[in-house]
$ cat query_31.pdb   # PDB, C-alpha atoms (C1' of nucleotides) and all ligand atoms
ATOM      1  CA  MET X1457      18.294  55.706-126.411
ATOM      2  CA  ASN X1458      18.495  52.957-123.758
ATOM      3  CA  SER X1459      16.127  51.070-125.944
ATOM      4  CA  VAL X1460      16.117  47.657-124.328
ATOM      5  CA  GLU X1461      15.582  49.064-120.841
ATOM      6  CA  GLU X1462      12.738  51.170-122.157
ATOM      7  CA  LEU X1463      11.262  48.258-124.042
ATOM      8  CA  LEU X1464      11.211  46.095-120.925
ATOM      9  CA  THR X1465       9.786  48.883-118.802
ATOM     10  CA  SER X1466       7.081  49.572-121.346
ATOM     11  CA  HIS X1467       6.081  45.921-121.067
ATOM     12  CA  GLY X1468       5.955  46.074-117.284
ATOM     13  CA  VAL X1469       9.225  44.191-116.782
ATOM     14  CA  LYS X1470      11.830  45.628-114.445
ATOM     15  CA  PRO X1471      15.047  45.909-116.467
ATOM     16  CA  THR X1472      17.564  44.067-114.313
ATOM     17  CA  PRO X1473      21.045  43.543-115.771
ATOM     18  CA  GLN X1474      20.326  39.852-116.385
ATOM     19  CA  ARG X1475      17.087  40.612-118.199
ATOM     20  CA  VAL X1476      18.670  43.335-120.287
ATOM     21  CA  VAL X1477      21.546  41.239-121.603
ATOM     22  CA  ILE X1478      19.267  38.278-122.293
ATOM     23  CA  ALA X1479      16.719  40.411-124.117
ATOM     24  CA  GLU X1480      19.478  42.166-126.055
ATOM     25  CA  TYR X1481      20.964  38.854-127.076
ATOM     26  CA  VAL X1482      17.677  37.436-128.330
ATOM     27  CA  MET X1483      16.910  40.648-130.193
ATOM     28  CA  ASN X1484      20.299  40.850-131.883
ATOM     29  CA  THR X1485      20.733  37.253-132.932
ATOM     30  CA  CYS X1486      19.235  35.903-136.084
ATOM     31  CA  CYS X1487      19.154  32.241-135.174
ATOM     32  CA  HIS X1488      16.269  31.480-132.832
ATOM     33  CA  PRO X1489      18.581  30.520-129.963
ATOM     34  CA  THR X1490      17.877  27.944-127.291
ATOM     35  CA  ALA X1491      17.998  28.663-123.566
ATOM     36  CA  ASP X1492      21.321  26.894-123.354
ATOM     37  CA  GLN X1493      22.846  28.878-126.220
ATOM     38  CA  ILE X1494      21.682  32.059-124.555
ATOM     39  CA  LEU X1495      23.237  31.036-121.251
ATOM     40  CA  GLN X1496      26.580  30.255-122.902
ATOM     41  CA  SER X1497      26.651  33.445-124.939
ATOM     42  CA  VAL X1498      25.488  35.893-122.339
ATOM     43  CA  ALA X1499      27.175  34.688-119.156
ATOM     44  CA  ASP X1500      30.379  36.687-119.613
ATOM     45  CA  ARG X1501      28.571  39.959-120.260
ATOM     46  CA  LEU X1502      27.671  40.073-116.575
ATOM     47  CA  PRO X1503      29.919  40.716-113.580
ATOM     48  CA  VAL X1504      28.183  37.940-111.624
ATOM     49  CA  SER X1505      27.596  34.315-112.463
ATOM     50  CA  LEU X1506      24.405  33.667-114.378
ATOM     51  CA  SER X1507      22.192  30.825-113.290
ATOM     52  CA  ARG X1508      20.319  28.513-115.575
ATOM     53  CA  ALA X1509      17.230  29.174-113.467
ATOM     54  CA  THR X1510      17.540  32.887-114.198
ATOM     55  CA  VAL X1511      17.778  32.271-117.927
ATOM     56  CA  TYR X1512      14.592  30.222-117.884
ATOM     57  CA  ASN X1513      12.854  32.632-115.499
ATOM     58  CA  THR X1514      13.798  35.571-117.692
ATOM     59  CA  LEU X1515      12.789  33.916-120.944
ATOM     60  CA  ASN X1516       9.430  32.950-119.460
ATOM     61  CA  THR X1517       8.941  36.483-118.175
ATOM     62  CA  LEU X1518       9.812  37.977-121.554
ATOM     63  CA  VAL X1519       7.464  35.589-123.341
ATOM     64  CA  GLN X1520       4.595  36.237-120.939
ATOM     65  CA  SER X1521       5.035  39.997-121.169
ATOM     66  CA  GLY X1522       5.124  39.866-124.954
ATOM     67  CA  VAL X1523       8.696  41.018-125.519
ATOM     68  CA  ILE X1524       9.700  37.840-127.341
ATOM     69  CA  ARG X1525       7.991  34.664-128.472
ATOM     70  CA  GLU X1526       8.668  30.996-127.957
ATOM     71  CA  VAL X1527       8.988  28.631-130.889
ATOM     72  CA  PHE X1528       8.514  24.909-130.363
ATOM     73  CA  THR X1529      10.174  22.712-132.915
ATOM     74  CA  GLU X1530      10.199  19.162-131.664
ATOM     75  CA  PRO X1531      12.349  17.300-131.315
ATOM     76  CA  GLY X1532      14.659  19.475-129.276
ATOM     77  CA  PRO X1533      14.536  22.384-126.882
ATOM     78  CA  ALA X1534      12.379  25.486-127.186
ATOM     79  CA  ARG X1535      13.736  28.344-129.276
ATOM     80  CA  TYR X1536      13.277  32.055-128.699
ATOM     81  CA  ASP X1537      12.443  34.688-131.243
ATOM     82  CA  ALA X1538      12.344  38.481-131.047
ATOM     83  CA  ASN X1539      10.513  38.727-134.350
ATOM     84  CA  LEU X1540       6.935  39.367-133.304
ATOM     85  CA  ASP X1541       5.585  39.724-136.814
ATOM     86  CA  ARG X1542       3.123  37.019-137.690
ATOM     87  CA  HIS X1543       5.231  34.416-139.413
ATOM     88  CA  HIS X1544       5.799  30.689-139.868
ATOM     89  CA  HIS X1545       8.943  28.684-139.290
ATOM     90  CA  PHE X1546      10.768  26.190-141.395
ATOM     91  CA  VAL X1547      12.968  23.646-139.641
ATOM     92  CA  ASP X1548      15.690  21.946-141.622
ATOM     93  CA  THR X1549      15.441  18.433-140.237
ATOM     94  CA  LYS X1550      19.021  17.689-141.212
ATOM     95  CA  THR X1551      20.748  20.680-139.622
ATOM     96  CA  GLY X1552      18.112  21.760-137.121
ATOM     97  CA  LYS X1553      18.355  25.326-138.423
ATOM     98  CA  ILE X1554      15.224  27.437-138.335
ATOM     99  CA  PHE X1555      14.159  29.907-140.997
ATOM    100  CA  ASP X1556      11.434  32.496-140.878
ATOM    101  CA  ILE X1557       8.705  32.181-143.491
ATOM    102  CA  PRO X1558       6.781  35.383-144.109
ATOM    103  CA  TRP X1559       3.086  34.960-143.439
ATOM    104  CA  GLN X1560       2.025  35.892-146.954
ATOM    105  CA  GLU X1561       4.470  33.461-148.530
ATOM    106  CA  VAL X1562       2.114  30.595-147.707
ATOM    107  CA  PRO X1563      -0.963  31.143-149.857
ATOM    108  CA  GLN X1564      -2.270  27.628-149.506
ATOM    109  CA  LEU X1565      -0.036  25.290-147.617
ATOM    110  CA  PRO X1566       2.152  23.831-150.337
ATOM    111  CA  GLN X1567       4.638  21.049-150.889
ATOM    112  CA  GLU X1568       7.284  23.482-152.020
ATOM    113  CA  LEU X1569       7.714  26.836-150.357
ATOM    114  CA  ALA X1570       8.819  29.405-152.897
ATOM    115  CA  GLY X1571      11.159  26.839-154.432
ATOM    116  CA  LYS X1572      13.510  27.130-151.493
ATOM    117  CA  TYR X1573      12.456  24.366-149.119
ATOM    118  CA  LYS X1574      11.437  20.754-149.485
ATOM    119  CA  VAL X1575       8.573  20.353-147.045
ATOM    120  CA  HIS X1576       8.220  16.895-145.558
ATOM    121  CA  GLY X1577       5.706  17.790-142.907
ATOM    122  CA  CYS X1578       3.842  20.543-141.190
ATOM    123  CA  GLN X1579       2.463  20.873-137.683
ATOM    124  CA  ILE X1580      -0.244  23.418-137.084
ATOM    125  CA  THR X1581      -1.468  23.789-133.545
ATOM    126  CA  PHE X1582      -3.811  26.335-132.069
ATOM    127  CA  PHE X1583      -3.625  27.059-128.361
ATOM    128  CA  GLY X1584      -6.370  28.498-126.258
ATOM    129  CA  GLN X1585      -9.433  27.514-124.306
ATOM    130  CA  MET X1586     -12.803  26.054-125.051
ATOM    131  CA  GLU X1587     -15.754  28.387-124.727
ATOM    132  CA  ASP X1588     -17.034  28.158-121.147
TER     133      ASP X1588
ATOM    134  CA  MET Y  21     -10.961  -9.346-141.117
ATOM    135  CA  ASN Y  22      -7.804  -9.237-139.008
ATOM    136  CA  SER Y  23      -7.647  -5.626-139.978
ATOM    137  CA  VAL Y  24      -4.886  -4.335-137.727
ATOM    138  CA  GLU Y  25      -2.539  -7.184-138.590
ATOM    139  CA  GLU Y  26      -3.222  -6.585-142.262
ATOM    140  CA  LEU Y  27      -2.776  -2.851-141.887
ATOM    141  CA  LEU Y  28       0.625  -3.288-140.277
ATOM    142  CA  THR Y  29       1.705  -5.854-142.848
ATOM    143  CA  SER Y  30       0.601  -3.615-145.687
ATOM    144  CA  HIS Y  31       2.857  -0.915-144.259
ATOM    145  CA  GLY Y  32       5.806  -3.275-144.020
ATOM    146  CA  VAL Y  33       5.591  -3.702-140.253
ATOM    147  CA  LYS Y  34       5.639  -7.193-138.772
ATOM    148  CA  PRO Y  35       2.521  -7.511-136.633
ATOM    149  CA  THR Y  36       3.883  -8.656-133.295
ATOM    150  CA  PRO Y  37       1.436  -8.883-130.371
ATOM    151  CA  GLN Y  38       2.873  -5.731-128.811
ATOM    152  CA  ARG Y  39       2.557  -3.764-132.038
ATOM    153  CA  VAL Y  40      -0.965  -4.987-132.643
ATOM    154  CA  VAL Y  41      -2.353  -3.981-129.261
ATOM    155  CA  ILE Y  42      -0.603  -0.617-129.363
ATOM    156  CA  ALA Y  43      -1.833   0.151-132.862
ATOM    157  CA  GLU Y  44      -5.339  -1.012-131.947
ATOM    158  CA  TYR Y  45      -5.352   1.201-128.897
ATOM    159  CA  VAL Y  46      -4.273   4.312-130.782
ATOM    160  CA  MET Y  47      -6.796   3.624-133.529
ATOM    161  CA  ASN Y  48      -9.700   3.072-131.147
ATOM    162  CA  THR Y  49      -9.131   5.965-128.774
ATOM    163  CA  CYS Y  50     -10.356   9.407-129.528
ATOM    164  CA  CYS Y  51      -8.015  11.342-127.285
ATOM    165  CA  HIS Y  52      -4.557  11.627-128.840
ATOM    166  CA  PRO Y  53      -2.923   9.548-126.102
ATOM    167  CA  THR Y  54       0.618   9.940-124.813
ATOM    168  CA  ALA Y  55       3.161   7.126-124.735
ATOM    169  CA  ASP Y  56       2.624   6.783-121.023
ATOM    170  CA  GLN Y  57      -1.163   6.561-121.319
ATOM    171  CA  ILE Y  58      -0.724   3.901-123.967
ATOM    172  CA  LEU Y  59       1.618   1.910-121.746
ATOM    173  CA  GLN Y  60      -0.812   2.033-118.827
ATOM    174  CA  SER Y  61      -3.828   1.121-120.917
ATOM    175  CA  VAL Y  62      -2.338  -1.622-123.012
ATOM    176  CA  ALA Y  63      -0.070  -3.470-120.603
ATOM    177  CA  ASP Y  64      -2.702  -5.891-119.309
ATOM    178  CA  ARG Y  65      -3.838  -6.920-122.765
ATOM    179  CA  LEU Y  66      -0.610  -8.864-123.155
ATOM    180  CA  PRO Y  67       0.462 -12.104-121.441
ATOM    181  CA  VAL Y  68       3.973 -10.700-120.937
ATOM    182  CA  SER Y  69       5.151  -7.513-119.319
ATOM    183  CA  LEU Y  70       5.348  -4.556-121.667
ATOM    184  CA  SER Y  71       8.422  -2.369-121.583
ATOM    185  CA  ARG Y  72       8.449   1.351-121.915
ATOM    186  CA  ALA Y  73      11.186   0.942-124.519
ATOM    187  CA  THR Y  74       8.864  -1.227-126.582
ATOM    188  CA  VAL Y  75       6.107   1.356-126.437
ATOM    189  CA  TYR Y  76       8.438   4.044-127.732
ATOM    190  CA  ASN Y  77      10.024   1.714-130.289
ATOM    191  CA  THR Y  78       6.613   0.688-131.556
ATOM    192  CA  LEU Y  79       5.225   4.214-131.718
ATOM    193  CA  ASN Y  80       8.293   5.381-133.627
ATOM    194  CA  THR Y  81       7.967   2.436-136.007
ATOM    195  CA  LEU Y  82       4.282   3.137-136.583
ATOM    196  CA  VAL Y  83       4.965   6.813-137.216
ATOM    197  CA  GLN Y  84       7.822   6.132-139.597
ATOM    198  CA  SER Y  85       5.822   3.569-141.537
ATOM    199  CA  GLY Y  86       2.878   5.938-141.819
ATOM    200  CA  VAL Y  87       0.355   3.988-139.747
ATOM    201  CA  ILE Y  88      -0.141   6.800-137.240
ATOM    202  CA  ARG Y  89       1.115  10.349-136.809
ATOM    203  CA  GLU Y  90       2.820  12.195-134.009
ATOM    204  CA  VAL Y  91       1.416  15.444-132.666
ATOM    205  CA  PHE Y  92       3.662  17.810-130.748
ATOM    206  CA  THR Y  93       1.857  20.124-128.408
ATOM    207  CA  GLU Y  94       4.369  21.731-126.115
ATOM    208  CA  PRO Y  95       4.483  21.858-123.254
ATOM    209  CA  GLY Y  96       4.173  18.182-122.511
ATOM    210  CA  PRO Y  97       4.842  14.828-124.072
ATOM    211  CA  ALA Y  98       4.194  13.846-127.687
ATOM    212  CA  ARG Y  99       0.705  12.626-128.547
ATOM    213  CA  TYR Y 100      -0.259   9.987-131.079
ATOM    214  CA  ASP Y 101      -3.037  10.153-133.610
ATOM    215  CA  ALA Y 102      -4.486   7.523-135.935
ATOM    216  CA  ASN Y 103      -6.377  10.146-137.907
ATOM    217  CA  LEU Y 104      -4.256  10.613-141.006
ATOM    218  CA  ASP Y 105      -6.579  13.086-142.671
ATOM    219  CA  ARG Y 106      -5.014  16.481-143.110
ATOM    220  CA  HIS Y 107      -6.156  18.386-140.053
ATOM    221  CA  HIS Y 108      -5.127  20.899-137.419
ATOM    222  CA  HIS Y 109      -5.187  20.557-133.668
ATOM    223  CA  PHE Y 110      -6.556  22.737-130.957
ATOM    224  CA  VAL Y 111      -5.056  22.431-127.485
ATOM    225  CA  ASP Y 112      -7.062  23.621-124.528
ATOM    226  CA  THR Y 113      -4.351  25.257-122.457
ATOM    227  CA  LYS Y 114      -6.363  24.804-119.279
ATOM    228  CA  THR Y 115      -7.148  21.105-119.542
ATOM    229  CA  GLY Y 116      -4.501  19.965-122.013
ATOM    230  CA  LYS Y 117      -7.185  18.269-124.097
ATOM    231  CA  ILE Y 118      -6.662  18.132-127.847
ATOM    232  CA  PHE Y 119      -9.362  18.557-130.463
ATOM    233  CA  ASP Y 120      -9.178  17.912-134.167
ATOM    234  CA  ILE Y 121      -9.905  20.871-136.414
ATOM    235  CA  PRO Y 122     -10.938  19.921-139.925
ATOM    236  CA  TRP Y 123      -8.612  21.362-142.527
ATOM    237  CA  GLN Y 124     -11.319  23.323-144.304
ATOM    238  CA  GLU Y 125     -12.577  24.860-141.089
ATOM    239  CA  VAL Y 126      -9.663  27.303-141.155
ATOM    240  CA  PRO Y 127     -10.252  29.557-144.123
ATOM    241  CA  GLN Y 128      -7.855  32.239-143.008
ATOM    242  CA  LEU Y 129      -6.323  31.705-139.653
ATOM    243  CA  PRO Y 130      -8.795  33.407-137.333
ATOM    244  CA  GLN Y 131      -9.117  34.538-133.748
ATOM    245  CA  GLU Y 132     -12.225  32.458-133.218
ATOM    246  CA  LEU Y 133     -12.586  29.024-134.715
ATOM    247  CA  ALA Y 134     -16.192  28.384-135.646
ATOM    248  CA  GLY Y 135     -17.292  30.037-132.415
ATOM    249  CA  LYS Y 136     -16.121  27.041-130.437
ATOM    250  CA  TYR Y 137     -12.602  27.915-129.355
ATOM    251  CA  LYS Y 138     -10.868  30.994-128.031
ATOM    252  CA  VAL Y 139      -7.524  31.031-129.783
ATOM    253  CA  HIS Y 140      -4.707  32.589-127.801
ATOM    254  CA  GLY Y 141      -1.912  31.451-130.060
ATOM    255  CA  CYS Y 142      -0.922  29.370-133.005
ATOM    256  CA  GLN Y 143       2.295  27.614-133.906
ATOM    257  CA  ILE Y 144       2.863  26.705-137.527
ATOM    258  CA  THR Y 145       6.028  24.856-138.313
ATOM    259  CA  PHE Y 146       7.140  23.261-141.532
ATOM    260  CA  PHE Y 147       9.665  20.466-141.419
ATOM    261  CA  GLY Y 148      11.933  19.425-144.232
ATOM    262  CA  GLN Y 149      15.229  20.224-145.820
ATOM    263  CA  MET Y 150      16.739  23.114-147.669
ATOM    264  CA  GLU Y 151      17.299  22.619-151.380
ATOM    265  CA  ASP Y 152      20.771  21.173-151.837
TER     266      ASP Y 152
ATOM    267  C1'  DT O 717      13.244 -31.636-135.412
ATOM    268  C1'  DT O 718      16.962 -29.183-134.147
ATOM    269  C1'  DC O 719      20.087 -25.484-135.258
ATOM    270  C1'  DT O 720      21.141 -20.873-136.516
ATOM    271  C1'  DG O 721      20.802 -16.095-136.768
ATOM    272  C1'  DC O 722      18.334 -11.998-137.058
ATOM    273  C1'  DA O 723      14.530  -9.181-135.130
ATOM    274  C1'  DA O 724      12.000  -7.778-131.278
ATOM    275  C1'  DT O 725      11.523  -7.115-126.459
ATOM    276  C1'  DT O 726      12.985  -6.224-121.821
ATOM    277  C1'  DA O 727      14.722  -3.818-117.461
ATOM    278  C1'  DG O 728      16.971  -0.430-116.116
ATOM    279  C1'  DA O 729      20.678   3.020-116.711
ATOM    280  C1'  DC O 730      21.275   7.209-118.795
ATOM    281  C1'  DT O 731      20.446  11.927-121.006
ATOM    282  C1'  DA O 732      18.226  16.228-122.107
ATOM    283  C1'  DA O 733      15.214  19.902-121.006
ATOM    284  C1'  DG O 734      13.186  22.258-117.819
ATOM    285  C1'  DT O 735      11.136  23.218-112.953
ATOM    286  C1'  DC O 736      11.410  23.713-108.061
ATOM    287  C1'  DT O 737      13.418  24.894-103.588
ATOM    288  C1'  DA O 738      15.613  27.205-100.095
ATOM    289  C1'  DA O 739      19.008  30.492 -99.220
ATOM    290  C1'  DA O 740      21.297  34.782-100.461
ATOM    291  C1'  DA O 741      21.489  39.208-102.602
ATOM    292  C1'  DG O 742      19.576  43.431-104.353
ATOM    293  C1'  DC O 743      16.680  47.257-104.158
ATOM    294  C1'  DA O 744      12.903  50.757-103.176
ATOM    295  C1'  DG O 745      10.455  53.056 -99.890
ATOM    296  C1'  DA O 746       9.652  54.200 -94.866
TER     297       DA O 746
ATOM    298  C1'  DT W 861      19.425  52.580 -91.644
ATOM    299  C1'  DC W 862      15.860  49.288 -91.477
ATOM    300  C1'  DT W 863      12.284  46.566 -93.583
ATOM    301  C1'  DG W 864      10.039  43.832 -96.865
ATOM    302  C1'  DC W 865       9.478  42.431-101.416
ATOM    303  C1'  DT W 866      11.680  40.910-105.759
ATOM    304  C1'  DT W 867      15.236  38.712-108.098
ATOM    305  C1'  DT W 868      18.945  35.648-108.474
ATOM    306  C1'  DT W 869      21.547  31.603-107.379
ATOM    307  C1'  DA W 870      23.189  26.609-106.981
ATOM    308  C1'  DG W 871      21.835  22.516-107.170
ATOM    309  C1'  DA W 872      18.302  18.950-106.392
ATOM    310  C1'  DC W 873      14.564  17.122-108.690
ATOM    311  C1'  DT W 874      11.140  15.719-112.426
ATOM    312  C1'  DT W 875       9.642  14.435-116.859
ATOM    313  C1'  DA W 876      10.098  12.556-121.357
ATOM    314  C1'  DG W 877      12.560   9.927-124.017
ATOM    315  C1'  DT W 878      16.847   7.183-125.663
ATOM    316  C1'  DC W 879      20.367   3.771-125.187
ATOM    317  C1'  DT W 880      22.503  -0.572-123.789
ATOM    318  C1'  DA W 881      23.238  -5.131-123.035
ATOM    319  C1'  DA W 882      20.972  -9.280-122.129
ATOM    320  C1'  DT W 883      17.053 -12.276-123.263
ATOM    321  C1'  DT W 884      13.386 -14.036-125.975
ATOM    322  C1'  DG W 885      10.894 -15.163-130.162
ATOM    323  C1'  DC W 886      10.689 -17.005-134.574
ATOM    324  C1'  DA W 887      11.549 -18.049-139.586
ATOM    325  C1'  DG W 888      14.269 -20.576-142.570
ATOM    326  C1'  DA W 889      18.083 -23.986-143.274
ATOM    327  C1'  DA W 890      19.790 -28.353-142.609
TER     328       DA W 890
HETATM  329 MN    MN M1601       9.666  15.554-127.390
HETATM  330 MN    MN M1602       9.529  21.627-124.041
HETATM  331 ZN    ZN M1603      10.962  33.455-136.262
HETATM  332 ZN    ZN M1604      -5.760  14.679-134.599
END
$ encode --input "query_31.pdb" --output "structure tokens"
Amino acid sequence: MNSVEELLTSHGVKPTPQRVVIAEYVMNTCCHPTADQILQSVADRLPVSLSRATVYNTLNTLVQSGVIREVFTEPGPARYDANLDRHHHFVDTKTGKIFDIPWQEVPQLPQELAGKYKVHGCQITFFGQMED
Amino acid sequence: MNSVEELLTSHGVKPTPQRVVIAEYVMNTCCHPTADQILQSVADRLPVSLSRATVYNTLNTLVQSGVIREVFTEPGPARYDANLDRHHHFVDTKTGKIFDIPWQEVPQLPQELAGKYKVHGCQITFFGQMED
DNA sequence: TTCTGCAATTAGACTAAGTCTAAAAGCAGA
DNA sequence: TCTGCTTTTAGACTTAGTCTAATTGCAGAA
């Protein structure tokens, strides 16, 4: 069960060593890591030096092929997420930590989310194209 | 009816000439402008040169005091919005243009919004703090 | 009216996040 | 083995925004 290699292949992505360790890292971490965190954490799992360009190239490839998703939480760098289930995110504006919010936990967008978070704001953005 | 001066004052913001023209511009444009667009458009309405730092300082002041809101639509720079009504945004990923989506037009987050937009993705992020 | 002191503004240096480029390395098939 | 495409690399570059230190603007005190 070479699962990550198979996963990449099944998404049309050639499983190079760099891509495998990056995908593995994103899939096994809980914390929505940034590109820089991934670079730091993954560099010594490879026999060669790992370039920043490769990290960004790989993350973009994985996002475009649907292996992971990108989470934008301004201010700050993009975060990466292997949880493809439809879900929201909660950003603690003091610590910067990100928490997953299950889709069904938001019945109508509230001021308090399940008593666990104090919501100060909410950004909802749809991406796509106008009808031609 | 010096309305912009009064609006700023009522929000606790001293209405300097720079702040007034910037606030006026954001309130009278339809297009969710960026800081840079604001700088370009507003500079020649003032007898003095207008600094980029002042544009950012002013926009941050106006956001913090609740006169305008900030819209993050990665990739790209922050956009500013004088429409304080609760609403969503739609970003055309081809042109970068932003459209307001009335709050009630999104009954349950759909693939097609009122037949007008093709939605490829959606980012929902809540900001706030964890309960202590 | 002048003086004083804080608030606001300015130019430009600096930083953070990410992209681009040109060269090198790694493969897969002929 | 040779050939050509893909991937990776180091580092330059770009964009968006913040910071700094000096200057300017003004409101209130004297
Ligand atoms: Mn930003
Ligand atoms: Mn970004
Ligand atoms: Zn998530
Ligand atoms: Zn808007």
$ residues_near_point --input "query_31.pdb" --point "(1.3, 25.1, -133.9)" --cutoff "12 Å" --atoms "all atoms listed in the file" --output "number ranges by chain"
X: 1526-1530, 1543-1545, 1578-1584; Y: 91-95, 107-111, 129, 139-146
$ write_last_selection --input "query_31.pdb" --atoms "C-alpha atoms" --output "PDB file, keeping the file's coordinate frame"
ATOM      1  CA  GLU X1526       8.668  30.996-127.957  1.00  0.00           C
ATOM      2  CA  VAL X1527       8.988  28.631-130.889  1.00  0.00           C
ATOM      3  CA  PHE X1528       8.514  24.909-130.363  1.00  0.00           C
ATOM      4  CA  THR X1529      10.174  22.712-132.915  1.00  0.00           C
ATOM      5  CA  GLU X1530      10.199  19.162-131.664  1.00  0.00           C
ATOM      6  CA  HIS X1543       5.231  34.416-139.413  1.00  0.00           C
ATOM      7  CA  HIS X1544       5.799  30.689-139.868  1.00  0.00           C
ATOM      8  CA  HIS X1545       8.943  28.684-139.290  1.00  0.00           C
ATOM      9  CA  CYS X1578       3.842  20.543-141.190  1.00  0.00           C
ATOM     10  CA  GLN X1579       2.463  20.873-137.683  1.00  0.00           C
ATOM     11  CA  ILE X1580      -0.244  23.418-137.084  1.00  0.00           C
ATOM     12  CA  THR X1581      -1.468  23.789-133.545  1.00  0.00           C
ATOM     13  CA  PHE X1582      -3.811  26.335-132.069  1.00  0.00           C
ATOM     14  CA  PHE X1583      -3.625  27.059-128.361  1.00  0.00           C
ATOM     15  CA  GLY X1584      -6.370  28.498-126.258  1.00  0.00           C
TER      16      GLY X1584
ATOM     17  CA  VAL Y  91       1.416  15.444-132.666  1.00  0.00           C
ATOM     18  CA  PHE Y  92       3.662  17.810-130.748  1.00  0.00           C
ATOM     19  CA  THR Y  93       1.857  20.124-128.408  1.00  0.00           C
ATOM     20  CA  GLU Y  94       4.369  21.731-126.115  1.00  0.00           C
ATOM     21  CA  PRO Y  95       4.483  21.858-123.254  1.00  0.00           C
ATOM     22  CA  HIS Y 107      -6.156  18.386-140.053  1.00  0.00           C
ATOM     23  CA  HIS Y 108      -5.127  20.899-137.419  1.00  0.00           C
ATOM     24  CA  HIS Y 109      -5.187  20.557-133.668  1.00  0.00           C
ATOM     25  CA  PHE Y 110      -6.556  22.737-130.957  1.00  0.00           C
ATOM     26  CA  VAL Y 111      -5.056  22.431-127.485  1.00  0.00           C
ATOM     27  CA  LEU Y 129      -6.323  31.705-139.653  1.00  0.00           C
ATOM     28  CA  VAL Y 139      -7.524  31.031-129.783  1.00  0.00           C
ATOM     29  CA  HIS Y 140      -4.707  32.589-127.801  1.00  0.00           C
ATOM     30  CA  GLY Y 141      -1.912  31.451-130.060  1.00  0.00           C
ATOM     31  CA  CYS Y 142      -0.922  29.370-133.005  1.00  0.00           C
ATOM     32  CA  GLN Y 143       2.295  27.614-133.906  1.00  0.00           C
ATOM     33  CA  ILE Y 144       2.863  26.705-137.527  1.00  0.00           C
ATOM     34  CA  THR Y 145       6.028  24.856-138.313  1.00  0.00           C
ATOM     35  CA  PHE Y 146       7.140  23.261-141.532  1.00  0.00           C
TER      36      PHE Y 146
END
$ interface_residues --input "query_31.pdb" --of "chain Y" --to "chain W" --cutoff "12 Å" --atoms "all atoms listed in the file" --output "PyMOL selection string"
chain Y and resi 34+36-37+54-56+68+72-77+80+94-99
$ closest_atom_pairs --input "query_31.pdb" --of "chain O" --to "ligand MN 1602 (chain M)" --cutoff "12 Å" --atoms "all atoms listed in the file" --output "CSV"
residue,atom,partner,partner_atom,distance
O:DA732,C1',M:MN1602,MN,10.4
O:DA733,C1',M:MN1602,MN,6.7
O:DG734,C1',M:MN1602,MN,7.2
O:DT735,C1',M:MN1602,MN,11.3
$ residues_near_ligand --input "query_31.pdb" --ligand "ligand ZN 1603 (chain M)" --cutoff "9 Å" --atoms "all atoms listed in the file" --output "PyMOL selection string"
chain X and resi 1486-1488+1525-1527+1536-1546+1554-1557
$ write_last_selection --input "query_31.pdb" --atoms "C-alpha atoms" --output "compact mmCIF listing (two decimals), in the coordinates of the input"
# COMPACT_ATOMS: atom_id res chain seq x y z
CA CYS X 1486 19.24 35.90 -136.08
CA CYS X 1487 19.15 32.24 -135.17
CA HIS X 1488 16.27 31.48 -132.83
CA ARG X 1525 7.99 34.66 -128.47
CA GLU X 1526 8.67 31.00 -127.96
CA VAL X 1527 8.99 28.63 -130.89
CA TYR X 1536 13.28 32.06 -128.70
CA ASP X 1537 12.44 34.69 -131.24
CA ALA X 1538 12.34 38.48 -131.05
CA ASN X 1539 10.51 38.73 -134.35
CA LEU X 1540 6.94 39.37 -133.30
CA ASP X 1541 5.58 39.72 -136.81
CA ARG X 1542 3.12 37.02 -137.69
CA HIS X 1543 5.23 34.42 -139.41
CA HIS X 1544 5.80 30.69 -139.87
CA HIS X 1545 8.94 28.68 -139.29
CA PHE X 1546 10.77 26.19 -141.40
CA ILE X 1554 15.22 27.44 -138.34
CA PHE X 1555 14.16 29.91 -141.00
CA ASP X 1556 11.43 32.50 -140.88
CA ILE X 1557 8.70 32.18 -143.49
$ atom_distance --input "query_31.pdb" --atom1 "atom CA of X:Ile1478" --atom2 "atom CA of X:Glu1461"
11.5 Å
$ interface_residues --input "query_31.pdb" --of "chain O" --to "chain Y" --cutoff "8 Å" --atoms "all atoms listed in the file" --output "VMD selection string"
chain O and resid 725 to 727
$ closest_residue --input "query_31.pdb" --among "Y:Val33, Y:Val41, Y:Met150, Y:Val46" --to "ligand ZN 1604 (chain M)" --atoms "all atoms listed in the file"
Y:Val46
$ axis_aligned_box --input "query_31.pdb" --around "stretch 1548-1552 of chain X" --padding-each-side "4 Å" --output "lines of an AutoDock Vina configuration file"
center_x = 18.1
center_y = 19.8
center_z = -139.4
size_x = 13.3
size_y = 12.3
size_z = 12.5
$ atom_distance --input "query_31.pdb" --atom1 "atom CA of X:Leu1463" --atom2 "atom C1' of O:DA746"
29.8 Å
